[in-house]
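Structure data follow from run17.cif (mmCIF, N, CA and C atoms):
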data_upload
#
loop_
_atom_site.group_PDB
_atom_site.id
_atom_site.type_symbol
_atom_site.label_atom_id
_atom_site.label_comp_id
_atom_site.auth_asym_id
_atom_site.auth_seq_id
_atom_site.Cartn_x
_atom_site.Cartn_y
_atom_site.Cartn_z
ATOM 1 N N MET A 16 52.338 84.614 149.160
ATOM 2 C CA MET A 16 53.404 85.169 148.347
ATOM 3 C C MET A 16 54.430 85.828 149.269
ATOM 4 N N PRO A 17 55.712 85.528 149.142
ATOM 5 C CA PRO A 17 56.733 86.143 149.994
ATOM 6 C C PRO A 17 56.878 87.625 149.700
ATOM 7 N N TYR A 18 57.268 88.364 150.725
ATOM 8 C CA TYR A 18 57.472 89.800 150.581
ATOM 9 C C TYR A 18 58.710 90.072 149.736
ATOM 10 N N ASP A 19 58.586 90.931 148.744
ATOM 11 C CA ASP A 19 59.699 91.297 147.862
ATOM 12 C C ASP A 19 59.999 92.764 148.072
ATOM 13 N N PRO A 20 61.047 93.123 148.854
ATOM 14 C CA PRO A 20 61.319 94.522 149.151
ATOM 15 C C PRO A 20 61.836 95.316 147.958
ATOM 16 N N GLN A 21 62.312 94.661 146.945
ATOM 17 C CA GLN A 21 62.863 95.356 145.789
ATOM 18 C C GLN A 21 61.831 95.403 144.665
ATOM 19 N N PRO A 22 61.611 96.587 144.092
ATOM 20 C CA PRO A 22 60.702 96.647 142.945
ATOM 21 C C PRO A 22 61.313 95.916 141.761
ATOM 22 N N HIS A 23 60.483 95.448 140.898
ATOM 23 C CA HIS A 23 60.993 94.790 139.699
ATOM 24 C C HIS A 23 61.670 95.838 138.822
ATOM 25 N N PRO A 24 62.789 95.515 138.217
ATOM 26 C CA PRO A 24 63.525 96.493 137.405
ATOM 27 C C PRO A 24 62.611 97.194 136.411
ATOM 28 N N GLY A 25 62.676 98.518 136.435
ATOM 29 C CA GLY A 25 61.879 99.302 135.501
ATOM 30 C C GLY A 25 60.459 99.559 135.944
ATOM 31 N N SER A 26 60.020 98.994 137.089
ATOM 32 C CA SER A 26 58.626 99.174 137.503
ATOM 33 C C SER A 26 58.432 100.390 138.410
ATOM 34 N N ALA A 27 59.489 100.864 139.057
ATOM 35 C CA ALA A 27 59.360 102.019 139.949
ATOM 36 C C ALA A 27 59.279 103.291 139.107
ATOM 37 N N ARG A 28 58.315 104.143 139.424
ATOM 38 C CA ARG A 28 58.092 105.380 138.666
ATOM 39 C C ARG A 28 57.957 106.562 139.613
ATOM 40 N N ASN A 29 58.272 107.755 139.115
ATOM 41 C CA ASN A 29 58.074 108.959 139.911
ATOM 42 C C ASN A 29 56.610 109.393 139.803
ATOM 43 N N VAL A 30 56.234 110.478 140.464
ATOM 44 C CA VAL A 30 54.838 110.901 140.491
ATOM 45 C C VAL A 30 54.333 111.341 139.126
ATOM 46 N N LEU A 31 55.229 111.639 138.215
ATOM 47 C CA LEU A 31 54.829 112.023 136.864
ATOM 48 C C LEU A 31 54.797 110.832 135.912
ATOM 49 N N GLY A 32 55.131 109.630 136.434
ATOM 50 C CA GLY A 32 55.097 108.418 135.621
ATOM 51 C C GLY A 32 56.410 108.098 134.934
ATOM 52 N N GLY A 33 57.435 108.920 135.143
ATOM 53 C CA GLY A 33 58.734 108.680 134.526
ATOM 54 C C GLY A 33 59.615 107.798 135.396
ATOM 55 N N PRO A 34 60.768 107.418 134.866
ATOM 56 C CA PRO A 34 61.685 106.569 135.641
ATOM 57 C C PRO A 34 62.289 107.343 136.809
ATOM 58 N N LEU A 35 62.610 106.628 137.879
ATOM 59 C CA LEU A 35 63.248 107.248 139.034
ATOM 60 C C LEU A 35 64.717 107.523 138.739
ATOM 61 N N GLN A 36 65.234 108.590 139.327
ATOM 62 C CA GLN A 36 66.648 108.917 139.207
ATOM 63 C C GLN A 36 67.303 108.740 140.562
ATOM 64 N N SER A 37 68.526 108.244 140.562
ATOM 65 C CA SER A 37 69.264 108.076 141.806
ATOM 66 C C SER A 37 69.691 109.446 142.322
ATOM 67 N N CYS A 38 69.471 109.677 143.618
ATOM 68 C CA CYS A 38 69.887 110.960 144.188
ATOM 69 C C CYS A 38 70.408 110.808 145.613
ATOM 70 N N SER A 39 70.513 109.597 146.101
ATOM 71 C CA SER A 39 70.919 109.387 147.491
ATOM 72 C C SER A 39 72.020 108.344 147.586
ATOM 73 N N ASP A 40 73.082 108.532 146.795
ATOM 74 C CA ASP A 40 74.126 107.509 146.802
ATOM 75 C C ASP A 40 75.474 107.993 147.321
ATOM 76 N N ASP A 41 75.552 109.230 147.769
ATOM 77 C CA ASP A 41 76.814 109.727 148.321
ATOM 78 C C ASP A 41 76.527 110.690 149.459
ATOM 79 N N PRO A 42 76.297 110.217 150.653
ATOM 80 C CA PRO A 42 76.362 108.838 151.147
ATOM 81 C C PRO A 42 75.074 108.091 150.831
ATOM 82 N N LEU A 43 75.138 106.757 150.902
ATOM 83 C CA LEU A 43 73.944 105.944 150.695
ATOM 84 C C LEU A 43 72.955 106.204 151.820
ATOM 85 N N THR A 44 71.700 106.374 151.454
ATOM 86 C CA THR A 44 70.658 106.613 152.450
ATOM 87 C C THR A 44 69.551 105.590 152.281
ATOM 88 N N GLY A 45 68.550 105.695 153.116
ATOM 89 C CA GLY A 45 67.430 104.774 153.089
ATOM 90 C C GLY A 45 67.606 103.698 154.137
ATOM 91 N N PHE A 46 66.507 103.070 154.501
ATOM 92 C CA PHE A 46 66.536 102.047 155.548
ATOM 93 C C PHE A 46 67.502 100.925 155.208
ATOM 94 N N LEU A 47 67.527 100.492 153.947
ATOM 95 C CA LEU A 47 68.405 99.397 153.541
ATOM 96 C C LEU A 47 69.756 99.896 153.019
ATOM 97 N N ARG A 48 70.007 101.187 153.119
ATOM 98 C CA ARG A 48 71.250 101.795 152.628
ATOM 99 C C ARG A 48 71.521 101.396 151.177
ATOM 100 N N ASP A 49 70.461 101.509 150.357
ATOM 101 C CA ASP A 49 70.595 101.186 148.940
ATOM 102 C C ASP A 49 70.387 102.411 148.060
ATOM 103 N N GLY A 50 70.236 103.593 148.684
ATOM 104 C CA GLY A 50 70.036 104.813 147.925
ATOM 105 C C GLY A 50 68.607 105.013 147.451
ATOM 106 N N CYS A 51 67.709 104.111 147.831
ATOM 107 C CA CYS A 51 66.304 104.188 147.432
ATOM 108 C C CYS A 51 65.427 104.217 148.680
ATOM 109 N N CYS A 52 64.159 104.322 148.477
ATOM 110 C CA CYS A 52 63.217 104.291 149.595
ATOM 111 C C CYS A 52 62.737 102.866 149.859
ATOM 112 N N SER A 53 63.562 101.899 149.545
ATOM 113 C CA SER A 53 63.195 100.500 149.768
ATOM 114 C C SER A 53 63.078 100.227 151.262
ATOM 115 N N SER A 54 62.195 99.324 151.605
ATOM 116 C CA SER A 54 62.055 98.923 152.999
ATOM 117 C C SER A 54 61.725 97.440 153.041
ATOM 118 N N ASP A 55 61.670 96.916 154.224
ATOM 119 C CA ASP A 55 61.273 95.537 154.429
ATOM 120 C C ASP A 55 60.522 95.458 155.749
ATOM 121 N N PRO A 56 60.055 94.300 156.156
ATOM 122 C CA PRO A 56 59.245 94.196 157.379
ATOM 123 C C PRO A 56 59.938 94.714 158.645
ATOM 124 N N ARG A 57 61.257 94.814 158.660
ATOM 125 C CA ARG A 57 61.955 95.337 159.838
ATOM 126 C C ARG A 57 61.787 96.838 159.982
ATOM 127 N N ASP A 58 61.419 97.544 158.899
ATOM 128 C CA ASP A 58 61.243 98.989 158.920
ATOM 129 C C ASP A 58 59.843 99.306 159.421
ATOM 130 N N ILE A 59 59.737 99.606 160.715
ATOM 131 C CA ILE A 59 58.424 99.845 161.301
ATOM 132 C C ILE A 59 58.042 101.320 161.289
ATOM 133 N N GLY A 60 58.918 102.162 160.749
ATOM 134 C CA GLY A 60 58.646 103.599 160.724
ATOM 135 C C GLY A 60 58.016 103.989 159.470
#

Please go through the file and, once you have read it, give me the structure as structure tokens.
Amino acid sequence: MPYDPQPHPGSARNVLGGPLQSCSDDPLTGFLRDGCCSSDPRDIG
């Protein structure tokens, strides 16, 4: 199965089981600069 760095829409949840809220979009942060904690095989950290 190929690696899918993006969660399926609606599947990502916070620690309480609720939907995630965007909080890193000004400026965009994260390895993929998508405002989320998304990563891919290039992210070795």

Fewer than 4 positions away in the same chain doesn't count, so skip those; otherwise give me all residues within 8 Å of A:Cys51, counting only N, CA and C atoms, as an mmCIF file with N, CA and C atoms, in the coordinates of the input.
data_model
loop_
_atom_site.group_PDB
_atom_site.id
_atom_site.type_symbol
_atom_site.label_atom_id
_atom_site.label_comp_id
_atom_site.auth_asym_id
_atom_site.auth_seq_id
_atom_site.Cartn_x
_atom_site.Cartn_y
_atom_site.Cartn_z
ATOM 1 N N SER A 37 68.526 108.244 140.562
ATOM 2 C CA SER A 37 69.264 108.076 141.806
ATOM 3 C C SER A 37 69.691 109.446 142.322
ATOM 4 N N CYS A 38 69.471 109.677 143.618
ATOM 5 C CA CYS A 38 69.887 110.960 144.188
ATOM 6 C C CYS A 38 70.408 110.808 145.613
ATOM 7 N N SER A 39 70.513 109.597 146.101
ATOM 8 C CA SER A 39 70.919 109.387 147.491
ATOM 9 C C SER A 39 72.020 108.344 147.586
ATOM 10 N N ASP A 40 73.082 108.532 146.795
ATOM 11 C CA ASP A 40 74.126 107.509 146.802
ATOM 12 C C ASP A 40 75.474 107.993 147.321
ATOM 13 N N LEU A 43 75.138 106.757 150.902
ATOM 14 C CA LEU A 43 73.944 105.944 150.695
ATOM 15 C C LEU A 43 72.955 106.204 151.820
ATOM 16 N N THR A 44 71.700 106.374 151.454
ATOM 17 C CA THR A 44 70.658 106.613 152.450
ATOM 18 C C THR A 44 69.551 105.590 152.281
ATOM 19 N N GLY A 45 68.550 105.695 153.116
ATOM 20 C CA GLY A 45 67.430 104.774 153.089
ATOM 21 C C GLY A 45 67.606 103.698 154.137
ATOM 22 N N PHE A 46 66.507 103.070 154.501
ATOM 23 C CA PHE A 46 66.536 102.047 155.548
ATOM 24 C C PHE A 46 67.502 100.925 155.208
ATOM 25 N N LEU A 47 67.527 100.492 153.947
ATOM 26 C CA LEU A 47 68.405 99.397 153.541
ATOM 27 C C LEU A 47 69.756 99.896 153.019
#

Can you work out the spacing between atom C of A:Gly50 and atom N of A:Leu31 in Å, to one decimal?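 Taking atom C of A:Gly50 as the start and atom N of A:Leu31 as the end point, the length is 17.6 Å.
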
What is the atom CA of A:Pro42 to atom N of A:Val30 distance in Å?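 One can read the atom CA of A:Pro42 to atom N of A:Val30 distance as 22.8 Å.
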